[in-house]
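J.: See entry.txt below, with compact mmCIF, C-alpha atoms.
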```
# COMPACT_ATOMS: atom_id res chain seq x y z
CA MET U 357 150.72 89.74 109.39
CA GLU U 358 148.52 91.24 106.72
CA ARG U 359 146.50 88.85 104.64
CA HIS U 360 146.04 89.08 100.91
CA PHE U 361 143.10 91.03 99.59
CA ASP U 362 142.00 88.05 97.48
CA GLU U 363 141.81 85.93 100.59
CA GLU U 364 139.70 88.57 102.32
CA LEU U 365 137.32 88.68 99.36
CA ARG U 366 137.09 84.89 99.44
CA GLU U 367 136.22 85.06 103.13
CA LEU U 368 133.51 87.63 102.39
CA LYS U 369 132.02 85.36 99.73
CA GLU U 370 132.09 82.41 102.10
CA LYS U 371 130.30 84.38 104.81
CA LEU U 372 127.61 85.41 102.34
CA LEU U 373 127.20 81.80 101.22
CA GLN U 374 126.86 80.78 104.85
CA MET U 375 124.22 83.50 105.36
CA ALA U 376 122.39 82.33 102.23
CA SER U 377 122.35 78.72 103.35
CA LEU U 378 120.90 79.78 106.71
CA ALA U 379 118.24 81.79 104.86
CA GLU U 380 117.43 78.87 102.52
CA GLU U 381 117.23 76.53 105.49
CA SER U 382 114.81 78.81 107.29
CA ILE U 383 112.50 78.99 104.23
CA ALA U 384 112.56 75.18 103.96
CA LYS U 385 111.96 74.66 107.67
CA ALA U 386 109.14 77.22 107.87
CA VAL U 387 107.22 75.57 105.04
CA LYS U 388 108.00 72.07 106.32
CA ALA U 389 106.55 73.11 109.69
CA LEU U 390 103.38 74.21 107.90
CA VAL U 391 103.05 71.06 105.76
CA GLU U 392 103.97 68.55 108.47
CA ARG U 393 102.08 70.52 111.14
CA ASP U 394 105.17 70.68 113.32
CA LYS U 395 104.89 73.39 115.98
CA LYS U 396 108.37 72.76 117.35
CA LEU U 397 109.94 73.27 113.94
CA ALA U 398 108.03 76.54 113.44
CA GLN U 399 109.31 77.75 116.80
CA ASN U 400 112.81 76.68 115.81
CA VAL U 401 112.65 78.95 112.72
CA ILE U 402 111.69 81.89 114.93
CA ASP U 403 114.49 81.15 117.39
CA SER U 404 117.21 80.65 114.77
CA ASP U 405 116.70 84.09 113.22
CA GLU U 406 119.13 85.52 115.76
CA GLU U 407 122.00 83.71 114.05
CA ILE U 408 121.18 85.31 110.67
CA ASN U 409 120.88 88.74 112.32
CA MET U 410 124.32 88.43 113.92
CA LEU U 411 125.86 87.29 110.67
CA GLU U 412 124.37 90.30 108.87
CA ILE U 413 126.15 92.66 111.25
CA GLU U 414 129.41 90.74 110.88
CA ILE U 415 129.25 90.83 107.05
CA ASP U 416 128.44 94.55 107.01
CA GLU U 417 131.51 95.16 109.14
CA ILE U 418 133.72 93.06 106.87
CA CYS U 419 132.50 95.11 103.87
CA LEU U 420 133.14 98.45 105.53
CA LYS U 421 136.57 97.32 106.69
CA LEU U 422 137.52 96.20 103.18
CA LEU U 423 136.26 99.46 101.66
CA ALA U 424 138.22 101.51 104.19
CA LEU U 425 141.48 99.57 104.32
CA ARG U 426 141.74 98.26 100.77
CA GLN U 427 140.14 101.15 98.92
CA PRO U 428 139.13 98.84 96.10
CA ILE U 429 138.26 100.04 92.61
CA ALA U 430 136.42 98.72 89.55
CA LYS U 431 135.34 95.08 89.83
CA ASP U 432 136.34 94.62 93.48
CA LEU U 433 134.48 97.77 94.47
CA ARG U 434 131.34 96.59 92.71
CA LEU U 435 131.71 93.21 94.40
CA ILE U 436 131.83 94.73 97.89
CA ALA U 437 129.01 97.21 97.19
CA SER U 438 126.90 94.28 95.94
CA ALA U 439 127.78 92.27 99.03
CA LEU U 440 126.37 95.06 101.22
CA LYS U 441 123.07 94.94 99.34
CA ILE U 442 122.88 91.15 99.11
CA ASN U 443 123.48 90.97 102.84
CA SER U 444 120.38 93.11 103.52
CA ASP U 445 118.30 90.99 101.16
CA LEU U 446 119.35 87.77 102.88
CA GLU U 447 118.56 89.17 106.30
CA ARG U 448 115.06 90.10 105.13
CA ILE U 449 114.56 86.66 103.63
CA GLY U 450 115.28 85.37 107.13
CA ASP U 451 112.67 87.77 108.53
CA LEU U 452 110.11 86.62 105.99
CA SER U 453 110.71 82.98 106.97
CA VAL U 454 110.06 84.01 110.57
CA ASN U 455 106.83 85.65 109.38
CA ILE U 456 105.82 82.36 107.72
CA ALA U 457 106.56 80.45 110.92
CA GLU U 458 104.60 82.99 113.01
CA ARG U 459 101.64 82.67 110.63
CA THR U 460 101.95 78.87 110.76
CA LEU U 461 101.59 78.52 114.53
CA PRO U 462 97.90 79.61 114.74
CA LEU U 463 97.11 77.56 111.59
CA LEU U 464 98.25 74.44 113.43
CA GLU U 465 95.57 75.00 116.08
CA GLU U 466 92.88 74.23 113.47
CA PRO U 467 92.42 71.26 111.09
CA LEU U 468 94.11 71.44 107.70
CA LEU U 469 92.05 73.53 105.27
CA LYS U 470 93.24 71.75 102.14
CA PRO U 471 96.18 69.63 100.98
CA LEU U 472 99.09 72.00 100.43
CA ILE U 473 100.63 71.61 97.00
CA ASP U 474 101.30 75.04 95.52
CA ILE U 475 102.79 76.57 98.67
CA PRO U 476 105.57 73.94 98.99
CA ARG U 477 106.16 74.29 95.24
CA MET U 478 106.50 78.06 95.63
CA ALA U 479 108.86 77.58 98.57
CA GLU U 480 111.05 75.24 96.53
CA LEU U 481 111.24 77.71 93.65
CA ALA U 482 112.04 80.60 95.98
CA GLN U 483 114.70 78.61 97.80
CA LYS U 484 116.35 77.63 94.51
CA MET U 485 116.30 81.29 93.42
CA VAL U 486 118.13 82.28 96.61
CA LYS U 487 120.68 79.50 96.12
CA ASP U 488 121.28 80.30 92.45
CA SER U 489 121.52 84.06 93.02
CA LEU U 490 124.32 83.45 95.51
CA ASP U 491 126.05 80.93 93.26
CA ALA U 492 125.85 83.57 90.52
CA PHE U 493 127.44 86.06 92.93
CA VAL U 494 130.30 83.79 93.95
CA ASN U 495 131.01 82.58 90.41
CA GLN U 496 130.36 85.97 88.76
CA ASP U 497 127.85 84.23 86.52
CA ALA U 498 125.69 86.85 84.77
CA GLU U 499 123.63 84.26 82.91
CA LEU U 500 122.64 82.45 86.08
CA ALA U 501 121.81 85.81 87.69
CA ARG U 502 119.58 86.68 84.76
CA SER U 503 117.81 83.30 84.94
CA VAL U 504 116.98 83.94 88.61
CA CYS U 505 115.27 87.21 87.64
CA ARG U 506 113.26 85.45 84.94
CA ARG U 507 111.93 82.87 87.38
CA ASP U 508 110.25 85.58 89.45
CA ASP U 509 107.23 85.58 87.13
CA GLU U 510 106.61 81.90 87.77
CA VAL U 511 106.49 82.49 91.51
CA ASP U 512 104.17 85.47 91.03
CA GLN U 513 101.83 83.34 88.94
CA LEU U 514 101.78 80.55 91.50
CA ASN U 515 101.00 83.08 94.20
CA HIS U 516 98.16 84.49 92.15
CA GLN U 517 96.79 80.98 91.62
CA ILE U 518 96.98 80.21 95.35
CA PHE U 519 95.20 83.47 96.07
CA ARG U 520 92.32 82.76 93.67
CA GLU U 521 91.91 79.22 94.98
CA LEU U 522 91.84 80.28 98.63
CA LEU U 523 89.24 82.95 97.85
CA THR U 524 86.89 80.18 96.64
CA TYR U 525 87.38 78.35 99.97
CA MET U 526 86.35 81.52 101.79
CA PHE U 527 83.25 81.89 99.67
CA GLN U 528 82.28 78.26 100.31
CA ASP U 529 82.26 78.56 104.08
CA PRO U 530 83.03 81.43 106.48
CA LYS U 531 84.65 78.88 108.79
CA ASN U 532 87.46 78.66 106.23
CA ILE U 533 88.21 82.40 106.27
CA ASN U 534 90.78 82.51 109.05
CA ARG U 535 92.84 79.68 107.65
CA ALA U 536 92.51 80.85 104.04
CA VAL U 537 93.73 84.35 104.96
CA GLY U 538 96.65 82.80 106.84
CA LEU U 539 97.65 80.79 103.79
CA ILE U 540 97.24 83.83 101.49
CA LEU U 541 99.65 85.78 103.67
CA ILE U 542 102.13 82.89 103.65
CA GLY U 543 101.93 82.94 99.85
CA ARG U 544 102.68 86.68 99.92
CA HIS U 545 105.72 86.10 102.17
CA LEU U 546 107.07 83.52 99.73
CA GLU U 547 106.48 85.88 96.84
CA ARG U 548 108.50 88.56 98.64
CA ILE U 549 111.30 86.08 99.28
CA ALA U 550 111.44 85.50 95.52
CA ASP U 551 111.48 89.30 95.04
CA HIS U 552 114.55 89.56 97.28
CA ALA U 553 116.26 86.76 95.32
CA THR U 554 115.44 88.70 92.15
CA ASN U 555 117.00 91.82 93.65
CA ILE U 556 120.13 89.80 94.38
CA GLY U 557 120.12 88.49 90.80
CA GLU U 558 119.85 92.05 89.48
CA ASP U 559 122.71 93.23 91.69
CA VAL U 560 124.90 90.33 90.58
CA PHE U 561 124.15 91.01 86.93
CA TYR U 562 125.14 94.63 87.43
CA MET U 563 128.28 93.65 89.31
CA VAL U 564 129.43 91.31 86.56
CA GLN U 565 128.31 93.22 83.48
CA GLY U 566 128.40 96.81 84.70
CA ARG U 567 124.93 97.42 83.24
CA THR U 568 121.53 96.94 84.79
CA ILE U 569 118.67 94.53 84.05
CA LYS U 570 116.59 96.20 86.73
CA HIS U 571 113.12 97.42 85.96
CA HIS U 572 113.10 95.48 82.68
CA ILE U 573 115.13 98.20 81.01
CA GLU U 574 116.57 95.65 78.61
CA GLU U 575 113.22 94.42 77.38
CA LYS U 576 112.00 97.97 77.11
CA ASN U 577 115.01 98.98 75.01
CA ALA U 578 114.57 95.85 72.88
CA LYS U 579 110.93 96.75 72.29
CA GLU U 580 111.77 100.30 71.38
CA LYS U 581 114.29 99.08 68.83
CA LYS U 582 111.66 96.96 67.06
CA MET D 874 137.76 121.15 87.06
CA GLU D 875 137.40 118.80 90.00
CA ARG D 876 134.74 119.59 92.51
CA HIS D 877 135.12 119.31 96.25
CA PHE D 878 134.28 116.04 97.92
CA ASP D 879 131.97 117.86 100.34
CA GLU D 880 130.00 119.23 97.45
CA GLU D 881 129.68 115.76 95.95
CA LEU D 882 128.44 114.37 99.23
CA ARG D 883 125.90 117.20 99.40
CA GLU D 884 124.72 116.33 95.92
CA LEU D 885 124.35 112.68 96.95
CA LYS D 886 122.25 113.71 99.95
CA GLU D 887 120.09 115.92 97.77
CA LYS D 888 119.46 113.13 95.29
CA LEU D 889 118.45 110.80 98.11
CA LEU D 890 116.09 113.47 99.50
CA GLN D 891 114.59 113.85 96.04
CA MET D 892 114.15 110.06 95.83
CA ALA D 893 112.55 110.05 99.28
CA SER D 894 110.10 112.78 98.40
CA LEU D 895 109.07 110.86 95.27
CA ALA D 896 108.57 107.76 97.43
CA GLU D 897 106.54 109.71 100.02
CA GLU D 898 104.46 111.23 97.29
CA SER D 899 103.69 107.87 95.78
CA ILE D 900 102.53 106.48 99.16
CA ALA D 901 100.28 109.53 99.63
CA LYS D 902 98.88 109.36 96.12
CA ALA D 903 98.23 105.61 96.26
CA VAL D 904 96.21 105.89 99.46
CA LYS D 905 94.46 109.05 98.26
CA ALA D 906 93.42 107.14 95.13
CA LEU D 907 91.94 104.45 97.37
CA VAL D 908 90.12 106.83 99.70
CA GLU D 909 88.83 109.21 97.04
CA ARG D 910 88.14 106.36 94.61
CA ASP D 911 90.26 107.99 91.93
CA LYS D 912 91.26 105.53 89.21
CA LYS D 913 93.33 108.05 87.31
CA LEU D 914 95.42 108.84 90.37
CA ALA D 915 96.03 105.11 91.00
CA GLN D 916 97.20 104.75 87.41
CA ASN D 917 99.42 107.79 87.86
CA VAL D 918 101.21 106.10 90.80
CA ILE D 919 101.89 103.07 88.61
CA ASP D 920 103.19 105.22 85.76
CA SER D 921 105.42 107.45 87.91
CA ASP D 922 107.38 104.51 89.32
CA GLU D 923 109.71 104.72 86.33
CA GLU D 924 111.11 108.01 87.65
CA ILE D 925 112.02 106.44 91.02
CA ASN D 926 113.63 103.48 89.24
CA MET D 927 115.80 105.73 87.11
CA LEU D 928 116.84 107.77 90.12
CA GLU D 929 117.84 104.59 91.96
CA ILE D 930 120.25 103.68 89.18
CA GLU D 931 121.65 107.22 89.12
CA ILE D 932 122.23 107.27 92.90
CA ASP D 933 123.90 103.85 92.87
CA GLU D 934 126.26 105.13 90.22
CA ILE D 935 127.08 108.26 92.20
CA CYS D 936 127.90 106.10 95.25
CA LEU D 937 130.17 103.76 93.30
CA LYS D 938 131.91 106.67 91.65
CA LEU D 939 132.54 108.35 95.01
CA LEU D 940 133.85 105.12 96.53
CA ALA D 941 136.18 104.55 93.59
CA LEU D 942 137.48 108.06 93.04
CA ARG D 943 137.48 109.47 96.57
CA GLN D 944 138.34 106.32 98.48
CA PRO D 945 136.62 107.68 101.57
CA ILE D 946 137.27 106.40 105.06
CA ALA D 947 135.52 106.49 108.45
CA LYS D 948 132.41 108.66 108.56
CA ASP D 949 132.30 109.43 104.84
CA LEU D 950 132.64 105.76 104.00
CA ARG D 951 129.78 104.87 106.33
CA LEU D 952 127.70 107.64 104.79
CA ILE D 953 128.14 106.31 101.26
CA ALA D 954 127.62 102.68 102.28
CA SER D 955 124.40 103.77 104.04
CA ALA D 956 123.32 105.71 100.96
CA LEU D 957 123.58 102.52 98.89
CA LYS D 958 121.27 100.69 101.29
CA ILE D 959 118.85 103.57 101.76
CA ASN D 960 118.57 103.87 98.00
CA SER D 961 117.39 100.24 97.74
CA ASP D 962 114.88 100.77 100.52
CA LEU D 963 113.41 103.85 98.85
CA GLU D 964 113.08 102.07 95.53
CA ARG D 965 111.16 99.25 97.22
CA ILE D 966 108.91 101.74 98.97
CA GLY D 967 108.09 103.00 95.48
CA ASP D 968 107.33 99.42 94.40
CA LEU D 969 105.06 98.91 97.40
CA SER D 970 103.13 102.08 96.54
CA VAL D 971 102.66 100.66 93.06
CA ASN D 972 101.37 97.46 94.67
CA ILE D 973 98.86 99.52 96.66
CA ALA D 974 97.71 101.30 93.49
CA GLU D 975 97.41 97.98 91.64
CA ARG D 976 95.35 96.55 94.48
CA THR D 977 93.22 99.72 94.53
CA LEU D 978 92.09 99.54 90.88
CA PRO D 979 89.88 96.42 91.25
CA LEU D 980 88.53 97.72 94.59
CA LEU D 981 87.20 100.79 92.77
CA GLU D 982 85.03 98.54 90.59
CA GLU D 983 82.92 97.65 93.65
CA PRO D 984 81.13 99.83 96.21
CA LEU D 985 83.11 100.95 99.26
CA LEU D 986 83.22 98.18 101.88
CA LYS D 987 83.58 100.50 104.87
CA PRO D 988 84.75 104.03 105.64
CA LEU D 989 88.52 103.98 105.56
CA ILE D 990 90.05 105.43 108.70
CA ASP D 991 92.91 103.23 109.85
CA ILE D 992 94.48 102.75 106.42
CA PRO D 993 94.97 106.51 105.78
CA ARG D 994 96.28 106.80 109.35
CA MET D 995 98.78 104.02 108.70
CA ALA D 996 99.80 105.67 105.43
CA GLU D 997 100.40 108.99 107.21
CA LEU D 998 102.54 107.33 109.87
CA ALA D 999 104.53 105.40 107.28
CA GLN D 1000 105.06 108.50 105.16
CA LYS D 1001 106.29 110.46 108.17
CA MET D 1002 108.67 107.63 109.04
CA VAL D 1003 110.15 107.78 105.54
CA LYS D 1004 110.51 111.56 105.77
CA ASP D 1005 112.08 111.51 109.23
CA SER D 1006 114.45 108.68 108.40
CA LEU D 1007 115.82 110.73 105.50
CA ASP D 1008 116.00 113.90 107.59
CA ALA D 1009 117.92 111.87 110.15
CA PHE D 1010 120.27 110.75 107.38
CA VAL D 1011 120.90 114.22 106.03
CA ASN D 1012 121.32 115.82 109.46
CA GLN D 1013 123.17 112.85 110.98
CA ASP D 1014 120.54 112.80 113.72
CA ALA D 1015 120.79 109.50 115.65
CA GLU D 1016 117.91 110.39 117.98
CA LEU D 1017 115.49 111.03 115.13
CA ALA D 1018 116.65 107.78 113.50
CA ARG D 1019 115.96 105.91 116.70
CA SER D 1020 112.50 107.47 117.02
CA VAL D 1021 111.62 106.23 113.51
CA CYS D 1022 112.48 102.67 114.55
CA ARG D 1023 110.32 102.97 117.66
CA ARG D 1024 107.28 104.05 115.62
CA ASP D 1025 107.31 100.78 113.71
CA ASP D 1026 105.37 99.05 116.50
CA GLU D 1027 102.52 101.53 116.19
CA VAL D 1028 102.16 100.76 112.49
CA ASP D 1029 102.29 97.02 113.19
CA GLN D 1030 99.52 97.38 115.75
CA LEU D 1031 97.33 99.41 113.39
CA ASN D 1032 97.84 96.79 110.74
CA HIS D 1033 96.86 94.05 113.15
CA GLN D 1034 93.73 96.00 114.10
CA ILE D 1035 92.78 96.51 110.43
CA PHE D 1036 93.29 92.81 109.84
CA ARG D 1037 91.01 91.76 112.74
CA GLU D 1038 88.31 94.20 111.72
CA LEU D 1039 88.31 93.10 108.08
CA LEU D 1040 88.06 89.47 109.13
CA THR D 1041 84.75 90.28 110.86
CA TYR D 1042 83.46 91.82 107.61
CA MET D 1043 84.31 88.60 105.81
CA PHE D 1044 82.47 86.53 108.40
CA GLN D 1045 79.39 88.75 108.13
CA ASP D 1046 78.93 88.29 104.42
CA PRO D 1047 80.88 86.36 101.78
CA LYS D 1048 80.18 89.21 99.36
CA ASN D 1049 82.66 91.25 101.42
CA ILE D 1050 85.51 88.77 101.06
CA ASN D 1051 87.11 90.09 97.87
CA ARG D 1052 87.20 93.66 99.06
CA ALA D 1053 88.26 92.76 102.60
CA VAL D 1054 91.20 90.70 101.30
CA GLY D 1055 92.18 93.59 99.04
CA LEU D 1056 92.26 95.97 101.99
CA ILE D 1057 94.17 93.46 104.14
CA LEU D 1058 96.86 93.27 101.47
CA ILE D 1059 97.02 97.06 101.24
CA GLY D 1060 97.53 97.12 105.02
CA ARG D 1061 100.39 94.64 104.60
CA HIS D 1062 102.00 96.83 101.93
CA LEU D 1063 101.87 99.84 104.25
CA GLU D 1064 103.35 97.78 107.05
CA ARG D 1065 106.24 96.81 104.78
CA ILE D 1066 106.77 100.45 103.84
CA ALA D 1067 107.16 101.20 107.54
CA ASP D 1068 109.60 98.28 107.80
CA HIS D 1069 111.74 99.82 105.06
CA ALA D 1070 111.69 103.18 106.86
CA THR D 1071 112.77 101.34 110.01
CA ASN D 1072 115.64 99.76 108.10
CA ILE D 1073 116.69 103.23 106.97
CA GLY D 1074 116.48 104.46 110.57
CA GLU D 1075 118.67 101.59 111.72
CA ASP D 1076 121.22 102.26 108.99
CA VAL D 1077 121.33 105.96 109.87
CA PHE D 1078 121.79 105.19 113.56
CA TYR D 1079 124.68 102.91 112.68
CA MET D 1080 126.17 105.49 110.36
CA VAL D 1081 126.11 108.22 113.02
CA GLN D 1082 126.93 106.20 116.12
CA GLY D 1083 129.01 103.36 114.69
CA ARG D 1084 126.93 100.82 116.64
CA THR D 1085 123.75 99.01 115.74
CA ILE D 1086 120.20 99.19 117.07
CA LYS D 1087 119.17 96.45 114.70
CA HIS D 1088 117.36 93.41 115.97
CA HIS D 1089 116.73 95.11 119.30
CA ILE D 1090 120.25 94.33 120.45
CA GLU D 1091 120.20 97.34 122.75
CA GLU D 1092 117.06 96.30 124.60
CA LYS D 1093 118.36 92.77 124.85
CA ASN D 1094 121.64 93.95 126.33
CA ALA D 1095 119.75 96.23 128.70
CA LYS D 1096 117.60 93.30 129.84
CA GLU D 1097 120.61 91.10 130.36
CA LYS D 1098 122.23 93.72 132.52
CA LYS D 1099 119.23 93.88 134.82
```
When written as structure tokens, how does the structure in this file appear?
T.:
Amino acid sequence: MERHFDEELRELKEKLLQMASLAEESIAKAVKALVERDKKLAQNVIDSDEEINMLEIEIDEICLKLLALRQPIAKDLRLIASALKINSDLERIGDLSVNIAERTLPLLEEPLLKPLIDIPRMAELAQKMVKDSLDAFVNQDAELARSVCRRDDEVDQLNHQIFRELLTYMFQDPKNINRAVGLILIGRHLERIADHATNIGEDVFYMVQGRTIKHHIEEKNAKEKK
Amino acid sequence: MERHFDEELRELKEKLLQMASLAEESIAKAVKALVERDKKLAQNVIDSDEEINMLEIEIDEICLKLLALRQPIAKDLRLIASALKINSDLERIGDLSVNIAERTLPLLEEPLLKPLIDIPRMAELAQKMVKDSLDAFVNQDAELARSVCRRDDEVDQLNHQIFRELLTYMFQDPKNINRAVGLILIGRHLERIADHATNIGEDVFYMVQGRTIKHHIEEKNAKEKK
């Protein structure tokens, strides 16, 4: 009757990958709705969040069950504890995509403020970070996890650039303010999605290596050694 | 040599309370720096984040150690799994306070845009939500946890109100735009702090009751029954 523990861990990983691909999809769809001015697609992002929410509950329950019944230690324990955290991050990435879609709907009532180039670029980067952080988790790849964390700066810079540019639109004409603020907030949501991917990367690094790269401790130690 | 499990759990709770009070303090200080135009205090919030970061790592390690060595089941297992999640939420609340302080510094280079009333009110509400969510955790109080989640709407509404009001300032005079956008982003940070407190409330409710109030499942079920 009883299945092997390895098989259960594989199932947990698969569920998390499924959750991640739903989260990635919702980022992509939310930004596509903005770029292609597609109201229906924006609404679809909002409606599909339910599926991610249900999966979060299911994954939490799998983790608790494994902790209780299998009483794992060492590497397996770290894997399941990481899965609990990654699960929360993915659910919030779903929420942030919903926020983007909600912000998009009123923007579609007005003409396009400017051609959107940096926002889709940011979305692509963020999506890839989510994907890679989960691949790093499944394959226990500390290097890939670390590279996800490094990419966070690029997203932050793009967001800063978007912010500065949209401010100039506001200064040019008060009629631009509403739309510019909307786009600034969408930039912020994407930045936070990248932050969650970075958190996942940090958790994976810790899980694999048993030491943290959080809070730039490594760089700090490296600097102190110099 | 070996201490009692109960004592270890008490120590874990105390550490989380300590982390929460640091997080509350940093929210309070960040908004005080904004209201009282105190650059030094804003810088202090940024510098003190290190302490919260170190405590996060320490608490994570305590949780993993307890899971590995004590192999807890049922209620104790749920408590430790919740502690792992709450720990992440508190660390991010610390980060968001730093974001507020970072946003405050440039605002202090310009004259005050408007008397600040709603932002300190939002900060107070958010701070209280953090405090109560942790009290609910320590005292296993599902009702208090649920009340934290309910208060999230109030913060969202305040944030929406702040947003609308600041838009009108931008329309009045382009010279207001920079400062208004800064305050809008501070409002968003406070809203996200309340979201994290709500997440903690949901986790505590689950821990105590063994069922979820996430994603408004309860209300939905109640509606369906009607």
J.: Residues around (93.6, 84.3, 96.6), cut-off 9 Å, counting all atoms listed in the file - what are they as a list in words?
T.: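 Within the cut-off we find Asn515, His516, Gln517, Ile518, Phe519, Arg520, Glu521, Leu522, Leu523, Thr524, Ala536, Val537, Leu539 and Ile540 of chain U; Asn1051 and Val1054 of chain D.
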J.: Rank nothing, just name the residue among D:Leu1063, D:Leu986, D:Leu1007, D:Ala896 nearest to Tyr1042 of chain D, using only C-alpha atoms.
T.: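 Going through D:Leu1063, D:Leu986, D:Leu1007, D:Ala896 one by one, the smallest distance to Tyr1042 of chain D is for D:Leu986.
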J.: As a PyMOL selection string, please: the residues near segment 1013-1021 of chain D (cut-off 12 Å, all atoms listed in the file, same-chain neighbours under 4 positions excluded).
T.: chain D and resi 886+948-949+951-952+955+998-1009+1025-1028+1067-1087+1089+1091
J.: Given a cut-off of 9 Å, which residues of chain D touch chain U, counting all atoms listed in the file, written out as a ChimeraX atom specification?
T.: /D:923,926-927,930,937,940-942,944-947,950-951,954,957-958,961,1040,1043-1048,1050-1051,1054,1058,1061,1085,1087-1088
J.: Could you work out how far atom CA of Leu963 of chain D lies from atom CA of Phe1010 of chain D, giving the answer in Å with one decimal?
T.: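 Between these atoms lies a distance of 12.9 Å.
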J.: Residues within 9 Å of Leu969 of chain D, please, as a PyMOL selection string. Count all atoms listed in the file; anything in the same chain fewer than 6 positions from it doesn't count.
T.: chain D and resi 900+1062-1063+1065-1066
J.: Identify, on the basis of all atoms listed in the file, every residue whose closest approach to Leu980 of chain D does not exceed 9 Å; exclude the query and any residue fewer than 3 positions from it along the same chain; express the result as a list in words.
T.: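 Once the adjacent positions are removed, what remains is Leu907, Arg910, Arg976, Thr977, Glu983, Pro984, Leu985, Asn1051, Arg1052, Gly1055 and Leu1056 of chain D.
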J.: Please indicate the distance in Å from atom CA of Leu372 of chain U to atom CA of Ser404 of chain U, rounded to one decimal place.
T.: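 According to the coordinates, atom CA of Leu372 of chain U and atom CA of Ser404 of chain U are separated by 16.9 Å.
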J.: Using all atoms listed in the file, which of U:Leu461, U:Ile473, U:Ile456, U:Leu365 sits nearest Ile418 of chain U?
T.: U:Leu365
J.: Could you get me a file of segment 1051-1065 of chain D with C-alpha atoms, as a PDB file, in the first residue's frame, taken from the block above?
T.:
```
ATOM      1  CA  ASN D1051       7.665  63.749  -7.502  1.00  0.00           C
ATOM      2  CA  ARG D1052       6.526  64.021  -3.918  1.00  0.00           C
ATOM      3  CA  ALA D1053       3.052  62.653  -4.618  1.00  0.00           C
ATOM      4  CA  VAL D1054       4.500  59.572  -6.343  1.00  0.00           C
ATOM      5  CA  GLY D1055       6.856  59.079  -3.397  1.00  0.00           C
ATOM      6  CA  LEU D1056       3.944  59.117  -0.967  1.00  0.00           C
ATOM      7  CA  ILE D1057       1.875  56.797  -3.186  1.00  0.00           C
ATOM      8  CA  LEU D1058       4.701  54.265  -3.110  1.00  0.00           C
ATOM      9  CA  ILE D1059       4.985  54.576   0.671  1.00  0.00           C
ATOM     10  CA  GLY D1060       1.251  53.857   0.868  1.00  0.00           C
ATOM     11  CA  ARG D1061       1.806  50.746  -1.261  1.00  0.00           C
ATOM     12  CA  HIS D1062       4.599  49.574   1.055  1.00  0.00           C
ATOM     13  CA  LEU D1063       2.307  49.932   4.067  1.00  0.00           C
ATOM     14  CA  GLU D1064      -0.423  48.048   2.255  1.00  0.00           C
ATOM     15  CA  ARG D1065       2.008  45.202   1.597  1.00  0.00           C
TER      16      ARG D1065
END
```
